[in-house]
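S.K.: My file is input.tsv. It has TSV, C-alpha atoms:
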chain	number	residue	atom	x	y	z
A	1	MET	CA	-16.46	15.99	24.45
A	2	THR	CA	-14.91	13.07	26.35
A	3	ASN	CA	-14.73	9.73	24.57
A	4	ASN	CA	-15.62	7.12	27.17
A	5	HIS	CA	-13.98	4.42	25.04
A	6	VAL	CA	-10.56	6.02	25.69
A	7	GLN	CA	-9.04	5.29	29.06
A	8	LEU	CA	-5.38	4.23	29.00
A	9	ALA	CA	-4.32	6.65	26.25
A	10	ARG	CA	-5.21	9.54	28.54
A	11	ARG	CA	-1.93	8.86	30.30
A	12	ILE	CA	-0.22	10.52	27.33
A	13	PRO	CA	-0.43	14.20	28.31
A	14	VAL	CA	-1.89	16.85	26.00
A	15	PRO	CA	-3.33	20.29	26.79
A	16	ASP	CA	-7.04	20.92	26.78
A	17	ALA	CA	-8.64	21.17	23.35
A	18	VAL	CA	-9.71	24.57	22.04
A	19	ALA	CA	-12.33	25.68	19.52
A	20	THR	CA	-11.35	25.42	15.86
A	21	VAL	CA	-12.42	26.90	12.55
A	22	SER	CA	-12.27	25.35	9.07
A	23	VAL	CA	-12.30	27.01	5.65
A	24	ASN	CA	-13.26	24.72	2.76
A	25	PRO	CA	-12.49	24.84	-0.09
A	26	VAL	CA	-9.45	27.03	-0.52
A	27	THR	CA	-8.72	26.92	-4.25
A	28	LEU	CA	-5.39	27.61	-5.93
A	29	PRO	CA	-5.00	27.92	-9.69
A	30	ALA	CA	-2.70	25.28	-11.15
A	31	PRO	CA	-2.64	25.51	-14.97
A	32	ASP	CA	-0.16	22.66	-15.46
A	33	ARG	CA	-2.08	20.37	-13.11
A	34	GLY	CA	-5.22	20.00	-15.20
A	35	LEU	CA	-7.47	21.11	-12.35
A	36	PRO	CA	-7.23	23.78	-9.64
A	37	LEU	CA	-5.94	22.53	-6.31
A	38	GLU	CA	-8.62	22.42	-3.61
A	39	SER	CA	-7.64	22.26	0.06
A	40	ARG	CA	-9.14	22.61	3.50
A	41	VAL	CA	-7.56	24.82	6.16
A	42	THR	CA	-8.36	24.05	9.81
A	43	ALA	CA	-6.90	25.96	12.74
A	44	PRO	CA	-7.56	27.09	16.31
A	45	LEU	CA	-10.10	29.90	16.42
A	46	ARG	CA	-7.65	32.03	18.36
A	47	GLY	CA	-3.91	32.30	18.78
A	48	ASP	CA	-0.98	33.46	16.70
A	49	ALA	CA	2.25	31.98	15.31
A	50	LEU	CA	0.48	28.72	14.52
A	51	PRO	CA	2.84	26.00	13.25
A	52	ILE	CA	1.67	24.45	9.98
A	53	VAL	CA	0.95	20.76	9.37
A	54	LEU	CA	0.64	19.68	5.73
A	55	LEU	CA	-1.44	16.50	5.53
A	56	SER	CA	-1.20	14.03	2.62
A	57	HIS	CA	-3.98	11.45	2.27
A	58	GLY	CA	-3.53	7.90	1.04
A	59	GLY	CA	-5.34	6.01	-1.68
A	60	GLY	CA	-8.51	3.97	-1.39
A	61	SER	CA	-11.90	3.85	-3.03
A	62	SER	CA	-13.86	6.26	-0.85
A	63	HIS	CA	-15.38	9.07	-2.90
A	64	TYR	CA	-14.91	11.68	-0.21
A	65	LEU	CA	-12.65	10.68	2.64
A	66	GLN	CA	-9.43	10.19	0.67
A	67	SER	CA	-9.08	13.96	0.13
A	68	LYS	CA	-9.37	17.32	1.86
A	69	ASP	CA	-12.54	15.98	3.52
A	70	GLY	CA	-10.88	12.97	5.15
A	71	LEU	CA	-8.51	12.20	8.02
A	72	SER	CA	-10.77	14.23	10.33
A	73	PRO	CA	-9.63	12.46	13.52
A	74	LEU	CA	-6.13	13.78	12.91
A	75	VAL	CA	-7.16	17.18	11.55
A	76	ASP	CA	-9.51	17.91	14.42
A	77	PHE	CA	-7.01	16.82	17.03
A	78	TYR	CA	-4.05	18.72	15.62
A	79	ALA	CA	-6.05	21.91	15.10
A	80	SER	CA	-7.71	21.80	18.51
A	81	HIS	CA	-4.26	21.46	20.06
A	82	GLY	CA	-2.51	24.36	18.38
A	83	PHE	CA	-1.66	23.54	14.75
A	84	ALA	CA	-2.93	24.98	11.48
A	85	VAL	CA	-3.64	22.03	9.18
A	86	ILE	CA	-3.69	22.28	5.39
A	87	GLN	CA	-4.97	19.21	3.53
A	88	PRO	CA	-5.17	19.08	-0.27
A	89	THR	CA	-7.21	16.81	-2.50
A	90	HIS	CA	-4.59	15.04	-4.61
A	91	LEU	CA	-5.41	13.99	-8.16
A	92	SER	CA	-5.22	10.36	-7.06
A	93	SER	CA	-8.37	10.81	-4.98
A	94	PRO	CA	-11.56	9.57	-6.69
A	95	ASN	CA	-13.06	13.02	-6.14
A	96	GLY	CA	-9.82	14.72	-7.10
A	97	GLY	CA	-10.84	14.86	-10.74
A	98	PHE	CA	-8.38	12.50	-12.38
A	99	GLY	CA	-8.37	9.73	-9.80
A	100	LEU	CA	-10.37	7.28	-11.91
A	101	ASP	CA	-9.30	8.51	-15.36
A	102	LYS	CA	-6.96	5.83	-16.66
A	103	ASP	CA	-5.90	8.04	-19.55
A	104	ALA	CA	-4.65	10.86	-17.32
A	105	PRO	CA	-0.85	11.29	-17.16
A	106	GLY	CA	0.44	9.87	-13.89
A	107	HIS	CA	-2.53	7.56	-13.23
A	108	PRO	CA	-3.13	6.06	-10.73
A	109	LEU	CA	-0.77	7.43	-8.04
A	110	PHE	CA	-0.02	10.83	-9.60
A	111	TRP	CA	3.13	10.69	-7.49
A	112	ARG	CA	4.81	13.83	-8.86
A	113	SER	CA	1.58	15.84	-8.80
A	114	ARG	CA	1.17	14.98	-5.12
A	115	ILE	CA	4.57	16.47	-4.33
A	116	ASP	CA	3.90	19.49	-6.52
A	117	ASP	CA	0.64	20.09	-4.60
A	118	PHE	CA	2.60	20.89	-1.47
A	119	GLU	CA	5.15	22.99	-3.30
A	120	LEU	CA	2.23	25.05	-4.63
A	121	ILE	CA	0.68	25.36	-1.17
A	122	LEU	CA	3.92	26.60	0.37
A	123	ASP	CA	4.46	29.01	-2.50
A	124	SER	CA	0.90	30.33	-2.09
A	125	LEU	CA	0.49	30.99	1.63
A	126	ASP	CA	-0.41	34.62	0.91
A	127	ALA	CA	-3.21	33.49	-1.42
A	128	ILE	CA	-4.39	30.93	1.14
A	129	GLU	CA	-4.58	33.57	3.87
A	130	ALA	CA	-6.49	35.87	1.52
A	131	GLN	CA	-9.13	33.17	1.00
A	132	ALA	CA	-9.12	32.19	4.67
A	133	PRO	CA	-8.92	35.56	6.46
A	134	VAL	CA	-9.60	33.89	9.80
A	135	VAL	CA	-5.98	32.64	9.71
A	136	ALA	CA	-4.47	35.69	8.00
A	137	GLY	CA	-1.31	36.80	9.77
A	138	ARG	CA	-1.53	33.86	12.19
A	139	LEU	CA	0.53	31.20	10.37
A	140	ASP	CA	4.12	30.53	11.40
A	141	ARG	CA	5.86	30.10	8.07
A	142	VAL	CA	9.06	28.87	9.67
A	143	ARG	CA	7.61	25.95	11.62
A	144	ILE	CA	6.22	23.57	8.99
A	145	ALA	CA	5.75	19.78	9.12
A	146	VAL	CA	4.34	17.20	6.72
A	147	VAL	CA	2.28	14.16	7.75
A	148	GLY	CA	1.42	11.42	5.25
A	149	HIS	CA	-0.63	8.23	5.49
A	150	SER	CA	0.04	5.17	3.29
A	151	ALA	CA	0.66	6.49	-0.25
A	152	GLY	CA	0.72	9.92	1.38
A	153	GLY	CA	3.67	8.66	3.36
A	154	SER	CA	5.55	8.17	0.10
A	155	THR	CA	4.72	11.77	-0.80
A	156	ALA	CA	5.88	13.00	2.59
A	157	SER	CA	9.07	10.94	2.39
A	158	ALA	CA	10.11	12.68	-0.83
A	159	LEU	CA	9.46	16.10	0.70
A	160	LEU	CA	11.54	15.07	3.72
A	161	GLY	CA	14.49	14.05	1.56
A	162	ALA	CA	14.04	10.48	0.36
A	163	ARG	CA	15.22	10.27	-3.26
A	164	ALA	CA	12.41	9.43	-5.68
A	165	THR	CA	12.76	7.66	-9.01
A	166	ASP	CA	10.90	9.02	-12.03
A	167	PRO	CA	9.17	5.96	-13.55
A	168	ALA	CA	9.23	7.53	-17.02
A	169	SER	CA	12.90	8.50	-17.25
A	170	GLY	CA	14.46	6.45	-14.46
A	171	ALA	CA	16.08	9.61	-13.13
A	172	VAL	CA	16.68	9.80	-9.38
A	173	LEU	CA	15.24	13.06	-8.07
A	174	ASP	CA	15.94	15.15	-5.00
A	175	LEU	CA	12.55	16.71	-4.16
A	176	ARG	CA	13.22	17.70	-0.57
A	177	ASP	CA	11.62	20.98	0.45
A	178	PRO	CA	13.88	22.81	2.94
A	179	ARG	CA	10.88	24.77	4.25
A	180	ILE	CA	9.67	21.55	5.91
A	181	SER	CA	11.52	20.83	9.14
A	182	ALA	CA	9.73	17.75	10.53
A	183	GLY	CA	7.54	14.87	9.42
A	184	VAL	CA	5.39	11.93	10.45
A	185	LEU	CA	4.98	8.82	8.26
A	186	LEU	CA	1.83	6.81	9.07
A	187	ALA	CA	1.68	3.22	7.74
A	188	SER	CA	3.91	4.47	4.96
A	189	THR	CA	5.47	2.62	2.08
A	190	GLY	CA	8.80	0.93	2.70
A	191	SER	CA	11.63	0.09	0.35
A	192	ALA	CA	11.07	-0.95	-3.27
A	193	GLU	CA	13.03	-4.12	-2.52
A	194	GLY	CA	10.33	-5.05	-0.02
A	195	LEU	CA	7.55	-4.93	-2.61
A	196	THR	CA	6.24	-7.98	-4.39
A	197	ASP	CA	7.38	-8.27	-8.01
A	198	THR	CA	3.88	-7.41	-9.20
A	199	MET	CA	3.69	-4.25	-7.10
A	200	ARG	CA	7.19	-3.18	-8.10
A	201	GLU	CA	6.30	-3.52	-11.77
A	202	GLN	CA	2.93	-1.81	-11.38
A	203	TYR	CA	4.16	1.07	-9.20
A	204	PRO	CA	7.81	1.80	-10.04
A	205	GLU	CA	7.34	5.31	-8.63
A	206	LEU	CA	7.37	3.81	-5.13
A	207	ALA	CA	11.10	3.15	-5.47
A	208	ALA	CA	12.73	5.41	-2.88
A	209	ASP	CA	16.19	5.83	-1.39
A	210	PHE	CA	15.66	6.58	2.29
A	211	SER	CA	19.37	7.10	2.96
A	212	HIS	CA	18.89	10.76	1.96
A	213	LEU	CA	15.93	11.37	4.27
A	214	THR	CA	17.68	13.65	6.76
A	215	THR	CA	14.74	15.66	8.11
A	216	ARG	CA	13.58	14.80	11.62
A	217	THR	CA	10.79	12.21	11.24
A	218	LEU	CA	8.57	9.90	13.30
A	219	VAL	CA	7.53	6.59	11.69
A	220	VAL	CA	4.29	4.97	12.92
A	221	TYR	CA	2.93	1.53	12.00
A	222	GLY	CA	0.63	-1.20	13.27
A	223	ASP	CA	2.28	-4.53	13.98
A	224	GLU	CA	-0.61	-6.38	12.27
A	225	ASP	CA	-0.53	-4.29	9.09
A	226	ASP	CA	0.28	-7.32	6.97
A	227	ARG	CA	-0.52	-6.85	3.27
A	228	PRO	CA	0.74	-9.90	1.31
A	229	ALA	CA	-0.35	-8.44	-2.03
A	230	ALA	CA	2.05	-5.52	-1.48
A	231	THR	CA	4.98	-7.00	0.41
A	232	PRO	CA	6.26	-10.36	1.67
A	233	ARG	CA	7.91	-8.63	4.63
A	234	GLY	CA	4.75	-8.22	6.68
A	235	ALA	CA	4.05	-5.23	8.86
A	236	ASP	CA	7.77	-4.56	9.36
A	237	TRP	CA	7.93	-3.21	5.79
A	238	HIS	CA	6.16	-0.07	7.00
A	239	ALA	CA	8.93	0.48	9.56
A	240	GLU	CA	11.71	0.52	6.96
A	241	PRO	CA	11.87	4.34	6.61
A	242	TYR	CA	13.02	4.39	10.23
A	243	HIS	CA	15.68	1.74	9.79
A	244	LEU	CA	16.96	3.01	6.42
A	245	SER	CA	17.13	6.76	6.97
A	246	PRO	CA	19.33	8.97	9.15
A	247	GLY	CA	16.58	11.54	9.73
A	248	ALA	CA	13.87	9.27	11.10
A	249	ASP	CA	14.79	9.37	14.77
A	250	ALA	CA	11.72	7.71	16.27
A	251	LEU	CA	9.57	4.64	15.59
A	252	LEU	CA	6.17	3.98	17.16
A	253	SER	CA	4.67	0.51	16.75
A	254	LEU	CA	1.05	-0.06	17.75
A	255	PRO	CA	0.18	-3.54	19.08
A	256	GLY	CA	-2.74	-5.00	17.13
A	257	GLY	CA	-2.73	-2.01	14.80
A	258	LYS	CA	-3.58	-2.37	11.14
A	259	HIS	CA	-3.35	0.03	8.21
A	260	HIS	CA	-5.71	2.67	9.56
A	261	LEU	CA	-4.03	2.92	12.97
A	262	GLY	CA	-7.19	2.92	15.06
A	263	GLY	CA	-9.33	4.78	12.53
A	264	ILE	CA	-7.47	7.86	11.28
A	265	THR	CA	-9.30	7.95	7.91
A	266	GLY	CA	-12.58	9.20	9.39
A	267	TYR	CA	-15.14	8.71	12.12
A	268	SER	CA	-16.97	5.36	11.93
A	269	VAL	CA	-15.86	4.71	8.37
A	270	ALA	CA	-17.12	1.37	7.09
A	271	GLY	CA	-13.99	0.77	5.02
A	272	THR	CA	-11.49	0.98	7.86
A	273	ASP	CA	-9.64	-2.19	8.81
A	274	ASP	CA	-8.91	-0.90	12.31
A	275	GLU	CA	-11.54	0.95	14.34
A	276	ASP	CA	-10.23	1.21	17.90
A	277	PRO	CA	-10.77	4.47	19.82
A	278	GLU	CA	-7.96	3.69	22.26
A	279	ARG	CA	-5.44	3.05	19.48
A	280	LEU	CA	-6.62	6.12	17.58
A	281	ALA	CA	-6.09	8.24	20.69
A	282	VAL	CA	-2.53	6.91	20.99
A	283	THR	CA	-1.86	7.78	17.35
A	284	GLN	CA	-3.29	11.28	17.81
A	285	ARG	CA	-1.48	12.06	21.03
A	286	MET	CA	1.91	10.58	20.17
A	287	THR	CA	2.13	12.19	16.73
A	288	TRP	CA	0.96	15.52	18.17
A	289	ALA	CA	3.61	15.35	20.88
A	290	TYR	CA	6.33	14.53	18.38
A	291	LEU	CA	5.39	17.45	16.12
A	292	ARG	CA	5.06	19.78	19.09
A	293	SER	CA	8.65	19.08	20.17
A	294	ALA	CA	10.10	18.82	16.65
A	295	LEU	CA	8.76	22.26	15.74
A	296	GLY	CA	9.38	23.85	19.13
A	297	ASP	CA	12.93	23.75	20.47
A	298	GLY	CA	12.91	22.71	24.09
A	299	ASP	CA	9.25	21.70	24.17
A	300	PRO	CA	9.02	18.63	26.47
A	301	ALA	CA	5.85	17.15	24.94
A	302	TRP	CA	7.58	14.28	23.13
A	303	GLN	CA	9.71	13.21	26.10
A	304	ARG	CA	6.65	13.25	28.35
A	305	ALA	CA	4.72	11.20	25.81
A	306	ILE	CA	7.51	8.61	25.63
A	307	GLU	CA	7.60	8.33	29.42
A	308	ALA	CA	3.83	7.88	29.53
A	309	ILE	CA	3.63	5.21	26.86
A	310	ARG	CA	6.56	3.26	28.27
A	311	SER	CA	4.60	2.90	31.51
A	312	ASP	CA	2.10	0.70	29.62
A	313	PRO	CA	3.56	-1.26	26.65
A	314	SER	CA	0.04	-2.36	25.63
A	315	LEU	CA	-0.43	1.12	24.16
A	316	GLY	CA	2.62	0.97	21.92
A	317	GLN	CA	6.39	0.73	21.82
A	318	VAL	CA	8.73	3.60	21.00
A	319	ARG	CA	12.26	3.24	19.65
A	320	THR	CA	14.58	6.19	19.24
A	321	LYS	CA	17.99	6.81	17.74
Let me see whether you can do it: turn the structure in this file into structure tokens.
M.R.:
Amino acid sequence: MTNNHVQLARRIPVPDAVATVSVNPVTLPAPDRGLPLESRVTAPLRGDALPIVLLSHGGGSSHYLQSKDGLSPLVDFYASHGFAVIQPTHLSSPNGGFGLDKDAPGHPLFWRSRIDDFELILDSLDAIEAQAPVVAGRLDRVRIAVVGHSAGGSTASALLGARATDPASGAVLDLRDPRISAGVLLASTGSAEGLTDTMREQYPELAADFSHLTTRTLVVYGDEDDRPAATPRGADWHAEPYHLSPGADALLSLPGGKHHLGGITGYSVAGTDDEDPERLAVTQRMTWAYLRSALGDGDPAWQRAIEAIRSDPSLGQVRTK
């Protein structure tokens, strides 16, 4: 179905959408987690050798959308354009089980559990295919990317190589997963030095060393994503993973964009701070193009997307290394 509110973003080329199928929930046992891990798998109805996108949701107070049931504008777009998307419900989600339990270990971010969720998923692809036979034998286990929004960006950063600090022991941890070969950080967390003192004390687990993030990564942020309670550095704080890491080779800034980048959390969600179909379409198309090229050697999608968006700076600005 054509969205009549999207005009300029159509300049960014993508192939025609195809029919998709979703299996929900796919449940993996996780004895040390406290609860089984529930995920949704969404993929094209047909086609083989589907590259995998792991999707990490952010925080927020929504009872449903901050989990495997959220981020539909991204899930639907990626799947209808050739990717198999796996999205877990992290324990930090209100409907994740422990999200509102202040006595649960790791509350409220459950930062290590989030990372472990994806390790479990990648270790359990056989079990996932058994529960979702419609994708059995169709997943490309070599071409894997991770996409994270907000707090999910912190999760994705660690999987891409950023060194994480254990708030309990102070140990600096290397949690990079070599099975993941590309990433996208959406309105992600920046450096710990850029946090307010209150946020740094409350969430020491957000301390990250981006100098070890060597996996190919696109960083996306809105230039009006100013959150004084979190950082005094304004929207530019969300761009720091690009500036501070050798692996992040592209930065997309969205003029007028706020934390939800046009509305990626869900369709017509009351809690979004940024509902703009045109901006959402830019986010969808540019991140898709980046992943398409990053996971497919020689695929021209990203270069074509850059050329298209540079023809109209009102859509966004791209920097590359």
S.K.: Applying 9 Å and only C-alpha atoms, which residues near region 239-251 of chain A remain after dropping the ones on its own chain fewer than 2 positions away? List them as a PDB file with C-alpha atoms, keeping the file's coordinate frame.
M.R.:
ATOM      1  CA  SER A 157       9.070  10.940   2.390  1.00  0.00           C
ATOM      2  CA  LEU A 160      11.540  15.070   3.720  1.00  0.00           C
ATOM      3  CA  GLY A 161      14.490  14.050   1.560  1.00  0.00           C
ATOM      4  CA  ALA A 162      14.040  10.480   0.360  1.00  0.00           C
ATOM      5  CA  GLY A 183       7.540  14.870   9.420  1.00  0.00           C
ATOM      6  CA  VAL A 184       5.390  11.930  10.450  1.00  0.00           C
ATOM      7  CA  LEU A 185       4.980   8.820   8.260  1.00  0.00           C
ATOM      8  CA  ALA A 187       1.680   3.220   7.740  1.00  0.00           C
ATOM      9  CA  SER A 188       3.910   4.470   4.960  1.00  0.00           C
ATOM     10  CA  THR A 189       5.470   2.620   2.080  1.00  0.00           C
ATOM     11  CA  GLY A 190       8.800   0.930   2.700  1.00  0.00           C
ATOM     12  CA  SER A 191      11.630   0.090   0.350  1.00  0.00           C
ATOM     13  CA  ASP A 209      16.190   5.830  -1.390  1.00  0.00           C
ATOM     14  CA  PHE A 210      15.660   6.580   2.290  1.00  0.00           C
ATOM     15  CA  SER A 211      19.370   7.100   2.960  1.00  0.00           C
ATOM     16  CA  HIS A 212      18.890  10.760   1.960  1.00  0.00           C
ATOM     17  CA  LEU A 213      15.930  11.370   4.270  1.00  0.00           C
ATOM     18  CA  THR A 214      17.680  13.650   6.760  1.00  0.00           C
ATOM     19  CA  THR A 215      14.740  15.660   8.110  1.00  0.00           C
ATOM     20  CA  ARG A 216      13.580  14.800  11.620  1.00  0.00           C
ATOM     21  CA  THR A 217      10.790  12.210  11.240  1.00  0.00           C
ATOM     22  CA  LEU A 218       8.570   9.900  13.300  1.00  0.00           C
ATOM     23  CA  VAL A 219       7.530   6.590  11.690  1.00  0.00           C
ATOM     24  CA  VAL A 220       4.290   4.970  12.920  1.00  0.00           C
ATOM     25  CA  TYR A 221       2.930   1.530  12.000  1.00  0.00           C
ATOM     26  CA  ALA A 235       4.050  -5.230   8.860  1.00  0.00           C
ATOM     27  CA  ASP A 236       7.770  -4.560   9.360  1.00  0.00           C
ATOM     28  CA  TRP A 237       7.930  -3.210   5.790  1.00  0.00           C
ATOM     29  CA  SER A 253       4.670   0.510  16.750  1.00  0.00           C
ATOM     30  CA  TYR A 290       6.330  14.530  18.380  1.00  0.00           C
ATOM     31  CA  GLN A 317       6.390   0.730  21.820  1.00  0.00           C
ATOM     32  CA  VAL A 318       8.730   3.600  21.000  1.00  0.00           C
ATOM     33  CA  ARG A 319      12.260   3.240  19.650  1.00  0.00           C
ATOM     34  CA  THR A 320      14.580   6.190  19.240  1.00  0.00           C
ATOM     35  CA  LYS A 321      17.990   6.810  17.740  1.00  0.00           C
TER      36      LYS A 321
END
S.K.: Counting all atoms listed in the file, which of A:Asp223, A:Asp177, A:Asp166, A:Asp69 gets nearest to Leu122 (chain A)?
M.R.: A:Asp177
S.K.: What does the structure give for the distance between CA of Lys68 (chain A) and CA of Glu224 (chain A), in Å to one decimal?
M.R.: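 CA of Glu224 (chain A) lies at a distance of 27.3 Å from CA of Lys68 (chain A).
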S.K.: Using all atoms listed in the file, find all polymer residues with an atom at most 7 Å away from the point (10.9, 23.2, 2.5); report them as a ChimeraX atom specification.
M.R.: /A:176-180
S.K.: Would you pick out the contacts of region 2-13 of chain A at 6 Å or less, using only C-alpha atoms, so that residues sharing its chain but fewer than 5 positions from it are not included, and give the list as JSON, numbers by chain?
M.R.: {"A": [278, 282, 305, 308]}
S.K.: Find the residues around Arg279 (chain A) up to 12 Å (all atoms listed in the file counted), leave out those fewer than 4 positions away in its own chain, and share them as a PyMOL selection string.
M.R.: chain A and resi 5-10+73+220-222+252-264+274-275+283-286+309+314-316
S.K.: Closest to Val18 (chain A) among A:Leu35, A:Ala79, A:Leu295, A:Ala168, using only C-alpha atoms?
M.R.: A:Ala79
S.K.: Just how far from CA of Ala208 (chain A) is CA of Ala164 (chain A), in Å to one decimal?
M.R.: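 Calculated distance between CA of Ala164 (chain A) and CA of Ala208 (chain A) is 4.9 Å.
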S.K.: For Ser56 (chain A), which residue among A:Arg141, A:Val134, A:Asp16, A:Thr155 is the nearest when counting only C-alpha atoms?
M.R.: A:Thr155
S.K.: Pick out the residues sitting within 8 Å of Asn24 (chain A), and hand them over as a list in words; count only C-alpha atoms, and ignore anything fewer than 6 positions along from it in its own chain.
M.R.: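 The residues satisfying every condition are Ser39, Arg40 and Val41 of chain A.
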S.K.: How far is it from CA of Ala182 (chain A) to CA of Ile144 (chain A), in Å with one decimal?
M.R.: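 That distance, rounded to one decimal, is 7.0 Å.
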S.K.: For Gln202 (chain A), list every protein, DNA or RNA residue within 12 Å, evaluated using all atoms listed in the file, and leave out those in the same chain fewer than 4 positions away; present the list as a CSV table (one decimal) with C-alpha atoms, in the frame of the given file.
M.R.:
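Result file part-v4.csv:
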chain,number,residue,atom,x,y,z
A,107,HIS,CA,-2.5,7.6,-13.2
A,108,PRO,CA,-3.1,6.1,-10.7
A,109,LEU,CA,-0.8,7.4,-8.0
A,167,PRO,CA,9.2,6.0,-13.6
A,192,ALA,CA,11.1,-1.0,-3.3
A,195,LEU,CA,7.6,-4.9,-2.6
A,196,THR,CA,6.2,-8.0,-4.4
A,197,ASP,CA,7.4,-8.3,-8.0
A,198,THR,CA,3.9,-7.4,-9.2
A,206,LEU,CA,7.4,3.8,-5.1
A,207,ALA,CA,11.1,3.2,-5.5
A,229,ALA,CA,-0.4,-8.4,-2.0
A,230,ALA,CA,2.0,-5.5,-1.5
S.K.: Given only C-alpha atoms as the basis, pick out the residue of A:Glu38, A:Asp226, A:Asp174, A:Asp276 nearest to Thr89 (chain A).
M.R.: A:Glu38
S.K.: Can you work out which one of A:Gly58, A:Gly137, A:Pro105, A:Gly194 has the shortest atom-to-atom distance to Ala156 (chain A), counting all atoms listed in the file?
M.R.: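 Closest candidate: A:Gly58.
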